[in-house]
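Written below as structure tokens is the structure these notes are about.
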Amino acid sequence: MNPIIELSNKISCAIDNKKDRKICGMELGVFVPTPYAESHGATGSQAAPYIGLDKILKGLYLTREDSFIDIGCGKGRVISYMVSRGFPCKLTGIEINPDVAEVALKWTSRYPNVEIIEGDAFGLDYNDYTVLFMYRPMETFTFKMFIELLESTLTHEIKLYYYVDEQSGYYLNDRPGWTLLRRQKMHFVKGLFIHKEPQRYSVWTYSPGNAN
Ligand SMILES: C[S@@+](CC[C@H](N)C(=O)[O-])C[C@H]1O[C@@H](n2cnc3c(N)ncnc32)[C@H](O)[C@@H]1O
């Protein structure tokens, strides 16, 4: 790997660790491979970088009436970022891997507006949420099934932040009800290579009323 990218990425990870310690009292950055790849099309537990979260979630405004969920929350890096922004609404994370969910449950217990659910994201009713976040929790085939689940069950408009959308984000292109608000590259941000490889993200709304 290019040594500049490698060094830059190390600095970005060090910044993440420092923020984790401040907000969560522990570091969340170590990658945990998934035992749920074959059975659930799950990806491993990789924490999203704070600088990337700042870029994708810039401009997000949430009221008490909103309800945010990180689908595949891992150890809770996205929830940590949301806590640091001081949003007044309920913040939920759902995580299929109990070993990883346990970490998120542990550090979030001091935050009353945070709920961590250990379980399969396919078992929830997303009408309970207004803003959905995904840091590529699923392989493409499973992501497609998940989108179809949303389309067949949602009765109100939601906003979806999809970080690392390169492999499967195309599935939402030109799909009835889905509107692309923003799609951008995510690699060199605020003077650092926050990912070892170039990534991309997209932000969408889904309106069931416009789907037919
Ligand atoms: C790339 S990690 C993202 C972690 C977290 N969002 C973050 O940014 O720190 C994806 C996570 O999604 C979880 N996951 C995958 N499929 C899932 C499912 N069906 N239900 C709940 N969690 C799932 C994985 O176990 C993994 O921890």
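Chain lettering (A, B, ...) mirrors the order of the structure tokens, residue numbering begins at 1 for each chain separately, and ligand numbering begins at 1 in order of display.
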>> Just want the 9 Å neighbourhood of Val189 of chain A, counted on only C-alpha atoms, with same-chain residues fewer than 6 positions away dropped. Output as a list in words.
In response: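 Non-adjacent residues within range: Ile51, Gly52 and Lys55 of chain A.
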With a cut-off of 7 Å, could you pull out the residues of chain A touching ligand 1 and give me the nearest pair of atoms for each, distance in Å to one decimal, using only C-alpha atoms and all ligand atoms, ordered by chain and ascending number, as a Markdown table?
| residue | atom | partner | partner_atom_place_in_ligand_line | distance |
| --- | --- | --- | --- | --- |
| A:Thr34 | CA | ligand 1 | 25 (O) | 6.0 |
| A:His40 | CA | ligand 1 | 19 (N) | 6.0 |
| A:Gly41 | CA | ligand 1 | 16 (N) | 6.5 |
| A:Ala42 | CA | ligand 1 | 15 (C) | 3.9 |
| A:Thr43 | CA | ligand 1 | 24 (C) | 5.3 |
| A:Gly44 | CA | ligand 1 | 26 (C) | 4.9 |
| A:Ser45 | CA | ligand 1 | 27 (O) | 3.6 |
| A:Gln46 | CA | ligand 1 | 1 (C) | 4.4 |
| A:Ala47 | CA | ligand 1 | 9 (O) | 3.2 |
| A:Ala48 | CA | ligand 1 | 8 (O) | 3.9 |
| A:Asp70 | CA | ligand 1 | 6 (N) | 6.0 |
| A:Ile71 | CA | ligand 1 | 22 (N) | 6.0 |
| A:Gly72 | CA | ligand 1 | 12 (O) | 3.1 |
| A:Cys73 | CA | ligand 1 | 6 (N) | 3.8 |
| A:Gly74 | CA | ligand 1 | 27 (O) | 3.6 |
| A:Lys75 | CA | ligand 1 | 9 (O) | 6.0 |
| A:Gly76 | CA | ligand 1 | 9 (O) | 5.2 |
| A:Arg77 | CA | ligand 1 | 9 (O) | 4.0 |
| A:Val78 | CA | ligand 1 | 8 (O) | 5.1 |
| A:Ile94 | CA | ligand 1 | 21 (C) | 5.3 |
| A:Glu95 | CA | ligand 1 | 22 (N) | 3.7 |
| A:Ile96 | CA | ligand 1 | 21 (C) | 3.9 |
| A:Asn97 | CA | ligand 1 | 25 (O) | 4.9 |
| A:Val100 | CA | ligand 1 | 27 (O) | 6.6 |
| A:Gly119 | CA | ligand 1 | 21 (C) | 5.8 |
| A:Asp120 | CA | ligand 1 | 20 (N) | 3.6 |
| A:Ala121 | CA | ligand 1 | 20 (N) | 3.7 |
| A:Phe122 | CA | ligand 1 | 19 (N) | 5.8 |
| A:Met134 | CA | ligand 1 | 6 (N) | 6.2 |
| A:Tyr135 | CA | ligand 1 | 3 (C) | 4.9 |
| A:Arg136 | CA | ligand 1 | 1 (C) | 5.3 |
| A:Pro137 | CA | ligand 1 | 10 (C) | 3.6 |
| A:Met138 | CA | ligand 1 | 16 (N) | 5.2 |
>> My list of candidates is A:Asn17, A:Thr63, A:Thr155, A:Ser12. Which is closest to Tyr206 of chain A when distances are computed with only C-alpha atoms?
In response: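 When distances to Tyr206 of chain A are compared using only C-alpha atoms, the smallest one comes from A:Thr155.
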> Within 12 Å of Pro3 of chain A, counting only C-alpha atoms, which residues qualify if same-chain residues fewer than 4 places away don't, as a list of chain:residue names?
Replying inline: A:Leu7, A:Ser8, A:Asn9, A:Lys10, A:Phe193, A:Lys196
Restrict the selected residues to C-alpha atoms and save them as a compact mmCIF listing (two decimals), in the first residue's frame.
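As a result, out_5.txt now contains:
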# COMPACT_ATOMS: atom_id res chain seq x y z
CA LEU A 7 0.38 6.58 7.63
CA SER A 8 -2.58 8.85 7.05
CA ASN A 9 -4.97 5.99 7.81
CA LYS A 10 -3.09 5.22 11.04
CA PHE A 193 -6.98 9.16 3.92
CA LYS A 196 -7.31 2.46 2.84
>> So that I can check the surroundings of Tyr201 of chain A, please list as a list of chain:residue names every protein, DNA and RNA residue that reaches within 6 Å of it, counting only C-alpha atoms and ignoring chain neighbours fewer than 4 positions away.
In response: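 Listing them by chain and then by number gives A:Tyr162, A:Tyr163, A:Val164, A:Asp165, A:Arg183, A:Gln184.
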